[in-house]
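Shown next, in structure tokens, is the structure this report addresses.
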Amino acid sequence: MSPKASTAEVLLIGDREVRISSPDKVVFPEPGLTKLDVVTYYLAVADGALRGAGGRPMVLKRFVKGIDQEAFFQKRAPENRPEWIETATLHYASGNSAEEVVIRDAAALTWVVNLGCLDLNPHPVRAEDLDHPDELRVDLDPMPGVDWSQIVDVAMVAREVLADHGLVGWPKTSGSRGMHICVRIEPRWNFRDVRLAAETLAREVENRAPGLATARWWKEERGESVFVDFNQNAKDRTVASAYSIRPLPDARVSTPLDWNEVRGSHPEHFTVATVLERFAERGDPAAGIDETAGGLDALLELAERLGPAEKPPKSSDGSGRRTSTMPLIEIARAKTKAEALEGLERWKARHPDVVALLHPADTLVDGMRGSSSLWYRIRVNLQHVPEARRPEQEPLEVDYDPWAGKEWARP
């Protein structure tokens, strides 16, 4: 966002006034979208956006310094908030709790957008029942080297698996490279059961589409496949909901689709400008999602038949840490993705003969959740490099400690 502040603007939304600070700040320089443009977009698609995020506690992912800077994650609702902003308190196994914002109307939606929330990140539960999710989330996450047609193929298999187990999937672009399939479920199962059902779905998709899809949790073992990310159903996880604007230069949007248009669609087709036009013309393709809630009995029965998922090997030093089956070296730990990638380029410059042997999926770039923001780790999988030519682990190109200066409570 441009550093120059501008006069605030007050919008009357229903019977509520919502103050928009610095409405003329440029949020997306490439298409020239201001903060007020972002607010106007969300008001235009509020019906669809609230279908995805309304009535759910949400993490506030705030881009207060612009899309080229890391967002910070705010679980707890700001103390200085209008009295009409609803909250719900989530409790975690760690003993921690967080009073999170719940939006139910266009005014509350506008209020969180004014805080710098470009994408909306709700939990898969309703505020009325925080222990029983009513949504199972299928996140199709492509590894490097995977194209859109492979993602679509995996999505079609996932749709088939869902249908075979009495569930209806509603597809949407993730707003990045992948795809989400949202599945409404009856709120009768706890988080552990929902995650098990999602993992079982992922394993069955992999069984039906070997080589195309994977349920392997460890990134270095996935190859050039689509990871069916079942862990997005864990209690502390959120994903960008329908009609969320993603922090990409083209102002790309996570957009609901009809199944018959999935194959011909590409994520870059759906931006603020095109989605405004699309929504005005046809409304929300996911308008019927709330009428399709199904049960998890069939997937949980399949989980019993498949048996426990394969567990990774543990180290032999007694620490209990996982030992990777792949020859990994770590390149960088950095506060920003740009710093991490710069470190990777320095490493590549020293090892051009090794780089020539790497496959796209051998470079592992991980966004790691810190206390309030992401940090980045880069590793290289040397599986395609002959053992005699593999470089040793070297000092990290960037050695950022996300926990430096943190004080931990001791029992």
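Each chain in the structure tokens gets a letter, A, B and so on, in the order shown; residues start at 1 in every chain, and ligands are counted from 1 in the order they appear.
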
Distance table requested - range 341-389 of chain A against range 223-244 of chain A, cut-off 9 Å, only C-alpha atoms: one row per qualifying residue with the closest atom pair and its distance in Å to one decimal, ordered by chain and rising residue number, as a tab-separated table.
```
residue	atom	partner	partner_atom	distance
A:His359	CA	A:Glu224	CA	8.6
A:Pro360	CA	A:Glu224	CA	7.6
A:Ala361	CA	A:Glu224	CA	5.7
A:Asp362	CA	A:Gly223	CA	7.6
```

Since we have the selection now, will you write its residues out, keeping all heavy atoms, as a tab-separated table (two decimals), in the first residue's frame?
```tsv
chain	number	residue	atom	x	y	z
A	359	HIS	N	15.17	-32.08	-10.23
A	359	HIS	CA	13.84	-31.99	-10.82
A	359	HIS	C	13.09	-30.83	-10.15
A	359	HIS	O	13.46	-30.40	-9.05
A	359	HIS	CB	13.09	-33.29	-10.61
A	359	HIS	CG	13.66	-34.44	-11.39
A	359	HIS	ND1	12.94	-35.57	-11.69
A	359	HIS	CD2	14.88	-34.63	-11.96
A	359	HIS	CE1	13.68	-36.42	-12.38
A	359	HIS	NE2	14.87	-35.87	-12.56
A	360	PRO	N	12.03	-30.33	-10.79
A	360	PRO	CA	11.32	-29.18	-10.19
A	360	PRO	C	10.88	-29.41	-8.75
A	360	PRO	O	10.98	-28.50	-7.92
A	360	PRO	CB	10.11	-29.02	-11.13
A	360	PRO	CG	10.59	-29.51	-12.44
A	360	PRO	CD	11.50	-30.66	-12.13
A	361	ALA	N	10.41	-30.61	-8.43
A	361	ALA	CA	9.90	-30.87	-7.08
A	361	ALA	C	11.00	-31.12	-6.06
A	361	ALA	O	10.70	-31.32	-4.87
A	361	ALA	CB	8.94	-32.06	-7.11
A	362	ASP	N	12.26	-31.09	-6.48
A	362	ASP	CA	13.36	-31.33	-5.55
A	362	ASP	C	13.71	-30.10	-4.72
A	362	ASP	O	14.43	-30.20	-3.72
A	362	ASP	CB	14.62	-31.80	-6.31
A	362	ASP	CG	14.47	-33.21	-6.85
A	362	ASP	OD1	13.62	-33.95	-6.35
A	362	ASP	OD2	15.22	-33.57	-7.79
```

Open item on the list: According to DSSP computed on the backbone, where in range 209-345 of chain A is there strand (DSSP E)? Give the residues as a PyMOL selection string.
Closed with: chain A and resi 213-214+226-229+328-334

Can you write out as JSON lines which residues of range 180-213 of chain A fall within 8 Å of range 121-138 of chain A, alongside each residue's closest atom pair and its distance in Å to one decimal, counting only C-alpha atoms and ordering rows by chain and ascending residue number?
```
{"residue": "A:His180", "atom": "CA", "partner": "A:Val138", "partner_atom": "CA", "distance": 5.6}
{"residue": "A:Ile181", "atom": "CA", "partner": "A:Val138", "partner_atom": "CA", "distance": 4.9}
{"residue": "A:Cys182", "atom": "CA", "partner": "A:Arg137", "partner_atom": "CA", "distance": 5.1}
{"residue": "A:Val183", "atom": "CA", "partner": "A:Leu136", "partner_atom": "CA", "distance": 5.1}
{"residue": "A:Arg184", "atom": "CA", "partner": "A:Glu135", "partner_atom": "CA", "distance": 4.5}
{"residue": "A:Ile185", "atom": "CA", "partner": "A:Asp134", "partner_atom": "CA", "distance": 4.8}
{"residue": "A:Glu186", "atom": "CA", "partner": "A:Asp134", "partner_atom": "CA", "distance": 5.6}
{"residue": "A:Pro187", "atom": "CA", "partner": "A:Asp134", "partner_atom": "CA", "distance": 4.7}
{"residue": "A:Arg188", "atom": "CA", "partner": "A:His132", "partner_atom": "CA", "distance": 6.0}
{"residue": "A:Trp189", "atom": "CA", "partner": "A:His132", "partner_atom": "CA", "distance": 5.5}
{"residue": "A:Asn190", "atom": "CA", "partner": "A:His132", "partner_atom": "CA", "distance": 4.8}
{"residue": "A:Phe191", "atom": "CA", "partner": "A:His132", "partner_atom": "CA", "distance": 6.5}
{"residue": "A:Val194", "atom": "CA", "partner": "A:Leu136", "partner_atom": "CA", "distance": 6.7}
{"residue": "A:Ala198", "atom": "CA", "partner": "A:Leu136", "partner_atom": "CA", "distance": 6.9}
```

TODO: Give the answer as one residue: which of A:Val272, A:Ala251, A:Leu162, A:Ala53 has the shortest atom-to-atom distance to Val27 in chain A, using only C-alpha atoms?
DONE: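 Using only C-alpha atoms, Val27 in chain A sits closest to A:Ala251.
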
TODO: Find the residue from A:Glu330, A:Asp297, A:Asp284, A:Asp250 that sits nearest to Pro267 in chain A; use only C-alpha atoms when measuring.
DONE: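 Between A:Glu330, A:Asp297, A:Asp284, A:Asp250, the residue approaching Pro267 in chain A most closely is A:Asp250.
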
I'd like the contact shell of Thr336 in chain A - 8 Å cut-off, only C-alpha atoms, skipping same-chain residues fewer than 3 positions apart - returned as a JSON list (two decimals) with N, CA, C and O atoms, in the first residue's frame.
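Output below, filename part18.json:
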```
[["chain", "number", "residue", "atom", "x", "y", "z"],
["A", 70, "GLU", "N", 5.09, -9.44, 4.33],
["A", 70, "GLU", "CA", 4.42, -10.55, 4.98],
["A", 70, "GLU", "C", 3.24, -10.04, 5.82],
["A", 70, "GLU", "O", 3.33, -9.02, 6.50],
["A", 339, "GLU", "N", 14.18, -13.23, 0.82],
["A", 339, "GLU", "CA", 15.51, -13.50, 1.39],
["A", 339, "GLU", "C", 15.88, -14.96, 1.24],
["A", 339, "GLU", "O", 17.04, -15.30, 0.93],
["A", 340, "ALA", "N", 14.92, -15.85, 1.47],
["A", 340, "ALA", "CA", 15.19, -17.29, 1.35],
["A", 340, "ALA", "C", 15.56, -17.64, -0.09],
["A", 340, "ALA", "O", 16.52, -18.40, -0.32],
["A", 374, "LEU", "N", 4.46, -15.75, 9.00],
["A", 374, "LEU", "CA", 5.19, -16.84, 8.38],
["A", 374, "LEU", "C", 6.68, -16.54, 8.35],
["A", 374, "LEU", "O", 7.11, -15.39, 8.31],
["A", 375, "TRP", "N", 7.50, -17.60, 8.37],
["A", 375, "TRP", "CA", 8.90, -17.51, 8.00],
["A", 375, "TRP", "C", 9.15, -18.62, 6.98],
["A", 375, "TRP", "O", 8.27, -19.46, 6.74],
["A", 376, "TYR", "N", 10.30, -18.61, 6.33],
["A", 376, "TYR", "CA", 10.49, -19.49, 5.17],
["A", 376, "TYR", "C", 11.74, -20.35, 5.31],
["A", 376, "TYR", "O", 12.80, -19.89, 5.74]]
```

Task: Near-Val39 in chain A list (9 Å; only C-alpha atoms; drop same-chain fewer than 4 positions) as a list in words - done: Ile20, Pro23, Thr34, Lys35, Leu43, Ala44, Leu109, Thr110, Val113 and Asn114 of chain A

Task: CA of Val10 in chain A to CA of Thr255 in chain A, distance in Å rounded to a single decimal - done: 28.6 Å

TODO: Find the residue from A:Arg377, A:Arg177, A:Arg19, A:Lys25 that sits nearest to Arg246 in chain A; use only C-alpha atoms when measuring.
DONE: A:Arg177

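Counting only C-alpha atoms and comparing A:Glu310, A:Glu206, A:Asp24, A:Glu304, the residue that lies closest to Val38 in chain A is A:Asp24.
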
- [ ] Could you check which of A:Gln69, A:Asn96, A:Thr89, A:Thr292 is closest to Arg56 in chain A, using only C-alpha atoms?
- [x] A:Thr89

Task: Best match for closeness to Asp68 in chain A among A:Val275, A:Leu248, A:Asp139, A:Ser94, counting only C-alpha atoms - done: A:Leu248

Task: Filtered DSSP result for range 82-200 of chain A, state helix (DSSP H, G or I), as a VMD selection string - done: chain A and resid 106 to 114 148 to 164 191 to 200

Next, the residues of the selection above should be written as a CSV table (one decimal), in the first residue's frame with N, CA and C atoms.
```csv
chain,number,residue,atom,x,y,z
A,106,ALA,N,-22.7,-7.7,5.7
A,106,ALA,CA,-21.8,-6.9,4.9
A,106,ALA,C,-21.1,-5.8,5.7
A,107,ALA,N,-21.7,-5.3,6.8
A,107,ALA,CA,-21.0,-4.3,7.6
A,107,ALA,C,-19.8,-4.9,8.3
A,108,ALA,N,-20.0,-6.0,8.9
A,108,ALA,CA,-18.9,-6.7,9.6
A,108,ALA,C,-17.8,-7.1,8.6
A,109,LEU,N,-18.2,-7.6,7.4
A,109,LEU,CA,-17.3,-7.9,6.4
A,109,LEU,C,-16.4,-6.7,6.0
A,110,THR,N,-17.1,-5.6,5.8
A,110,THR,CA,-16.3,-4.4,5.5
A,110,THR,C,-15.4,-4.0,6.6
A,111,TRP,N,-15.8,-4.1,7.8
A,111,TRP,CA,-14.9,-3.8,9.0
A,111,TRP,C,-13.6,-4.6,9.0
A,112,VAL,N,-13.7,-5.9,8.7
A,112,VAL,CA,-12.5,-6.7,8.7
A,112,VAL,C,-11.6,-6.4,7.5
A,113,VAL,N,-12.2,-6.0,6.4
A,113,VAL,CA,-11.5,-5.7,5.2
A,113,VAL,C,-10.7,-4.4,5.5
A,114,ASN,N,-11.3,-3.4,6.2
A,114,ASN,CA,-10.7,-2.2,6.5
A,114,ASN,C,-9.4,-2.4,7.4
A,148,TRP,N,-2.0,-27.3,-14.6
A,148,TRP,CA,-3.4,-27.2,-14.2
A,148,TRP,C,-4.2,-28.5,-14.6
A,149,SER,N,-3.9,-29.1,-15.7
A,149,SER,CA,-4.6,-30.3,-16.2
A,149,SER,C,-4.5,-31.4,-15.2
A,150,GLN,N,-3.3,-31.6,-14.5
A,150,GLN,CA,-3.2,-32.6,-13.5
A,150,GLN,C,-4.0,-32.3,-12.3
A,151,ILE,N,-4.0,-31.0,-11.9
A,151,ILE,CA,-4.8,-30.7,-10.7
A,151,ILE,C,-6.3,-31.0,-11.0
A,152,VAL,N,-6.8,-30.7,-12.2
A,152,VAL,CA,-8.1,-31.0,-12.6
A,152,VAL,C,-8.4,-32.5,-12.6
A,153,ASP,N,-7.5,-33.3,-13.1
A,153,ASP,CA,-7.7,-34.7,-13.1
A,153,ASP,C,-7.8,-35.2,-11.7
A,154,VAL,N,-7.0,-34.7,-10.8
A,154,VAL,CA,-7.1,-35.1,-9.4
A,154,VAL,C,-8.4,-34.6,-8.7
A,155,ALA,N,-8.8,-33.4,-9.1
A,155,ALA,CA,-10.1,-32.9,-8.6
A,155,ALA,C,-11.3,-33.8,-9.0
A,156,MET,N,-11.2,-34.3,-10.2
A,156,MET,CA,-12.3,-35.1,-10.7
A,156,MET,C,-12.3,-36.5,-10.0
A,157,VAL,N,-11.2,-37.0,-9.7
A,157,VAL,CA,-11.1,-38.2,-8.9
A,157,VAL,C,-11.6,-38.0,-7.5
A,158,ALA,N,-11.2,-36.8,-6.9
A,158,ALA,CA,-11.7,-36.5,-5.5
A,158,ALA,C,-13.3,-36.3,-5.5
A,159,ARG,N,-13.8,-35.7,-6.6
A,159,ARG,CA,-15.3,-35.6,-6.7
A,159,ARG,C,-15.9,-37.0,-6.7
A,160,GLU,N,-15.3,-37.9,-7.5
A,160,GLU,CA,-15.8,-39.3,-7.6
A,160,GLU,C,-15.8,-40.0,-6.2
A,161,VAL,N,-14.7,-39.9,-5.5
A,161,VAL,CA,-14.5,-40.5,-4.2
A,161,VAL,C,-15.6,-39.9,-3.2
A,162,LEU,N,-15.8,-38.6,-3.2
A,162,LEU,CA,-16.8,-38.0,-2.4
A,162,LEU,C,-18.2,-38.6,-2.7
A,163,ALA,N,-18.5,-38.6,-4.0
A,163,ALA,CA,-19.8,-39.1,-4.4
A,163,ALA,C,-20.0,-40.5,-4.0
A,164,ASP,N,-19.0,-41.3,-4.1
A,164,ASP,CA,-19.1,-42.8,-3.7
A,164,ASP,C,-19.3,-42.9,-2.3
A,191,PHE,N,-13.2,-32.8,15.5
A,191,PHE,CA,-12.1,-32.5,14.6
A,191,PHE,C,-11.3,-33.7,14.3
A,192,ARG,N,-11.0,-34.5,15.3
A,192,ARG,CA,-10.2,-35.7,15.0
A,192,ARG,C,-10.8,-36.6,14.0
A,193,ASP,N,-12.1,-36.8,14.1
A,193,ASP,CA,-12.8,-37.7,13.1
A,193,ASP,C,-12.9,-37.0,11.7
A,194,VAL,N,-13.1,-35.7,11.7
A,194,VAL,CA,-13.2,-35.0,10.4
A,194,VAL,C,-11.8,-35.1,9.7
A,195,ARG,N,-10.7,-34.9,10.5
A,195,ARG,CA,-9.4,-35.0,9.9
A,195,ARG,C,-9.1,-36.4,9.4
A,196,LEU,N,-9.5,-37.4,10.2
A,196,LEU,CA,-9.4,-38.8,9.7
A,196,LEU,C,-10.1,-39.1,8.4
A,197,ALA,N,-11.3,-38.5,8.4
A,197,ALA,CA,-12.1,-38.7,7.1
A,197,ALA,C,-11.4,-38.0,5.9
A,198,ALA,N,-10.8,-36.9,6.2
A,198,ALA,CA,-10.1,-36.2,5.1
A,198,ALA,C,-8.9,-36.9,4.7
A,199,GLU,N,-8.2,-37.4,5.7
A,199,GLU,CA,-7.0,-38.2,5.3
A,199,GLU,C,-7.3,-39.5,4.6
A,200,THR,N,-8.4,-40.1,4.9
A,200,THR,CA,-8.9,-41.3,4.2
A,200,THR,C,-9.3,-41.0,2.8
```

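Taking CA of Ala332 in chain A and CA of Ala404 in chain A as the two end points, the separation is 16.2 Å.
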
Determine, for each residue of range 250-344 of chain A having at least one atom at most 12 Å from an atom of range 391-403 of chain A, the closest pair of atoms and their separation in Å to one decimal, counting only C-alpha atoms; order by chain and ascending number, as CSV.
```
residue,atom,partner,partner_atom,distance
A:Pro327,CA,A:Glu392,CA,10.1
A:Leu328,CA,A:Gln393,CA,8.5
A:Ile329,CA,A:Gln393,CA,5.5
A:Glu330,CA,A:Gln393,CA,6.9
A:Ile331,CA,A:Leu396,CA,5.3
A:Ala332,CA,A:Val398,CA,4.7
A:Arg333,CA,A:Asp399,CA,5.1
A:Ala334,CA,A:Tyr400,CA,4.9
A:Lys335,CA,A:Tyr400,CA,6.3
A:Thr336,CA,A:Tyr400,CA,9.6
A:Lys337,CA,A:Val398,CA,11.0
A:Ala338,CA,A:Val398,CA,11.0
A:Glu339,CA,A:Val398,CA,7.5
A:Ala340,CA,A:Val398,CA,6.7
A:Leu341,CA,A:Val398,CA,9.7
A:Glu342,CA,A:Glu397,CA,8.6
A:Gly343,CA,A:Glu397,CA,5.0
A:Leu344,CA,A:Glu397,CA,7.4
```

Suppose we keep all heavy atoms; can you now write the selection as a tab-separated table (two decimals), in the first residue's frame?
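Full text of result-v8.tsv as output:
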```tsv
chain	number	residue	atom	x	y	z
A	327	PRO	N	17.61	-37.87	0.85
A	327	PRO	CA	18.84	-37.13	1.15
A	327	PRO	C	18.61	-35.62	1.05
A	327	PRO	O	18.73	-35.02	-0.02
A	327	PRO	CB	19.81	-37.61	0.07
A	327	PRO	CG	18.92	-37.97	-1.09
A	327	PRO	CD	17.65	-38.49	-0.50
A	328	LEU	N	18.29	-35.02	2.17
A	328	LEU	CA	17.96	-33.59	2.19
A	328	LEU	C	19.10	-32.75	2.73
A	328	LEU	O	19.81	-33.17	3.65
A	328	LEU	CB	16.73	-33.35	3.08
A	328	LEU	CG	15.41	-34.01	2.69
A	328	LEU	CD1	14.37	-33.71	3.75
A	328	LEU	CD2	14.95	-33.54	1.33
A	329	ILE	N	19.27	-31.59	2.17
A	329	ILE	CA	20.13	-30.57	2.78
A	329	ILE	C	19.30	-29.29	2.91
A	329	ILE	O	18.40	-29.03	2.12
A	329	ILE	CB	21.41	-30.30	1.98
A	329	ILE	CG1	21.08	-29.88	0.54
A	329	ILE	CG2	22.33	-31.51	1.98
A	329	ILE	CD1	22.32	-29.43	-0.25
A	330	GLU	N	19.60	-28.53	3.95
A	330	GLU	CA	18.86	-27.29	4.18
A	330	GLU	C	19.69	-26.12	3.67
A	330	GLU	O	20.92	-26.07	3.86
A	330	GLU	CB	18.57	-27.13	5.67
A	330	GLU	CG	17.61	-26.01	5.98
A	330	GLU	CD	17.13	-26.02	7.43
A	330	GLU	OE1	17.62	-26.87	8.21
A	330	GLU	OE2	16.27	-25.20	7.76
A	331	ILE	N	19.02	-25.19	3.00
A	331	ILE	CA	19.71	-24.07	2.38
A	331	ILE	C	19.53	-22.77	3.15
A	331	ILE	O	20.48	-22.02	3.36
A	331	ILE	CB	19.20	-23.86	0.93
A	331	ILE	CG1	19.31	-25.16	0.13
A	331	ILE	CG2	19.97	-22.73	0.25
A	331	ILE	CD1	20.71	-25.72	0.03
A	332	ALA	N	18.31	-22.50	3.60
A	332	ALA	CA	18.06	-21.20	4.22
A	332	ALA	C	16.87	-21.25	5.15
A	332	ALA	O	15.92	-22.03	4.93
A	332	ALA	CB	17.82	-20.13	3.15
A	333	ARG	N	16.92	-20.43	6.18
A	333	ARG	CA	15.78	-20.09	7.03
A	333	ARG	C	15.73	-18.57	7.07
A	333	ARG	O	16.67	-17.94	7.53
A	333	ARG	CB	15.94	-20.65	8.44
A	333	ARG	CG	16.03	-22.16	8.51
A	333	ARG	CD	16.17	-22.62	9.95
A	333	ARG	NE	16.35	-24.06	10.04
A	333	ARG	CZ	16.44	-24.73	11.17
A	333	ARG	NH1	16.38	-24.07	12.34
A	333	ARG	NH2	16.60	-26.04	11.17
A	334	ALA	N	14.63	-18.01	6.58
A	334	ALA	CA	14.60	-16.56	6.42
A	334	ALA	C	13.27	-15.98	6.88
A	334	ALA	O	12.24	-16.65	6.89
A	334	ALA	CB	14.84	-16.20	4.96
A	335	LYS	N	13.32	-14.70	7.20
A	335	LYS	CA	12.11	-14.01	7.64
A	335	LYS	C	11.15	-13.79	6.49
A	335	LYS	O	9.94	-13.81	6.67
A	335	LYS	CB	12.50	-12.67	8.28
A	335	LYS	CG	11.33	-11.93	8.92
A	335	LYS	CD	11.82	-10.70	9.65
A	335	LYS	CE	10.66	-10.00	10.38
A	335	LYS	NZ	11.13	-8.80	11.12
A	336	THR	N	11.70	-13.58	5.29
A	336	THR	CA	10.85	-13.36	4.12
A	336	THR	C	11.20	-14.37	3.03
A	336	THR	O	12.31	-14.91	2.97
A	336	THR	CB	11.03	-11.95	3.55
A	336	THR	OG1	12.35	-11.83	3.00
A	336	THR	CG2	10.82	-10.90	4.63
A	337	LYS	N	10.23	-14.60	2.17
A	337	LYS	CA	10.45	-15.54	1.06
A	337	LYS	C	11.53	-15.03	0.12
A	337	LYS	O	12.35	-15.81	-0.39
A	337	LYS	CB	9.13	-15.73	0.31
A	337	LYS	CG	9.17	-16.86	-0.72
A	337	LYS	CD	7.79	-17.09	-1.31
A	337	LYS	CE	7.78	-18.27	-2.26
A	337	LYS	NZ	6.41	-18.51	-2.81
A	338	ALA	N	11.56	-13.73	-0.10
A	338	ALA	CA	12.56	-13.15	-1.00
A	338	ALA	C	13.97	-13.41	-0.49
A	338	ALA	O	14.87	-13.78	-1.26
A	338	ALA	CB	12.32	-11.65	-1.15
A	339	GLU	N	14.18	-13.23	0.82
A	339	GLU	CA	15.51	-13.50	1.39
A	339	GLU	C	15.88	-14.96	1.24
A	339	GLU	O	17.04	-15.30	0.93
A	339	GLU	CB	15.52	-13.12	2.87
A	339	GLU	CG	15.45	-11.65	3.16
A	339	GLU	CD	15.34	-11.39	4.66
A	339	GLU	OE1	14.34	-11.79	5.28
A	339	GLU	OE2	16.29	-10.78	5.21
A	340	ALA	N	14.92	-15.85	1.47
A	340	ALA	CA	15.19	-17.29	1.35
A	340	ALA	C	15.56	-17.64	-0.09
A	340	ALA	O	16.52	-18.40	-0.32
A	340	ALA	CB	13.97	-18.09	1.80
A	341	LEU	N	14.84	-17.09	-1.05
A	341	LEU	CA	15.12	-17.40	-2.46
A	341	LEU	C	16.46	-16.80	-2.91
A	341	LEU	O	17.16	-17.40	-3.74
A	341	LEU	CB	13.98	-16.87	-3.34
A	341	LEU	CG	12.64	-17.60	-3.17
A	341	LEU	CD1	11.55	-16.91	-3.97
A	341	LEU	CD2	12.76	-19.06	-3.58
A	342	GLU	N	16.81	-15.67	-2.36
A	342	GLU	CA	18.13	-15.10	-2.66
A	342	GLU	C	19.23	-16.04	-2.16
A	342	GLU	O	20.25	-16.24	-2.84
A	342	GLU	CB	18.28	-13.72	-2.02
A	342	GLU	CG	17.44	-12.64	-2.69
A	342	GLU	CD	17.43	-11.34	-1.90
A	342	GLU	OE1	18.13	-11.29	-0.86
A	342	GLU	OE2	16.73	-10.40	-2.32
A	343	GLY	N	19.03	-16.61	-0.97
A	343	GLY	CA	19.99	-17.58	-0.46
A	343	GLY	C	20.07	-18.80	-1.35
A	343	GLY	O	21.16	-19.35	-1.58
A	344	LEU	N	18.94	-19.26	-1.85
A	344	LEU	CA	18.92	-20.41	-2.75
A	344	LEU	C	19.72	-20.11	-4.02
A	344	LEU	O	20.49	-20.96	-4.49
A	344	LEU	CB	17.48	-20.76	-3.11
A	344	LEU	CG	17.30	-21.87	-4.15
A	344	LEU	CD1	17.84	-23.19	-3.63
A	344	LEU	CD2	15.82	-21.99	-4.54
```

Task: Surrounding residues of Asp258 in chain A excluding itself and chain neighbours under 3 positions, 9 Å, only C-alpha atoms, as a PyMOL selection string - done: chain A and resi 170-172+261-262+285-286

- [ ] Figure out the distance between CA of Leu50 in chain A and CA of Gly295 in chain A, please, to one decimal in Å.
- [x]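 About the pair CA of Gly295 in chain A and CA of Leu50 in chain A: they are 23.4 Å apart.
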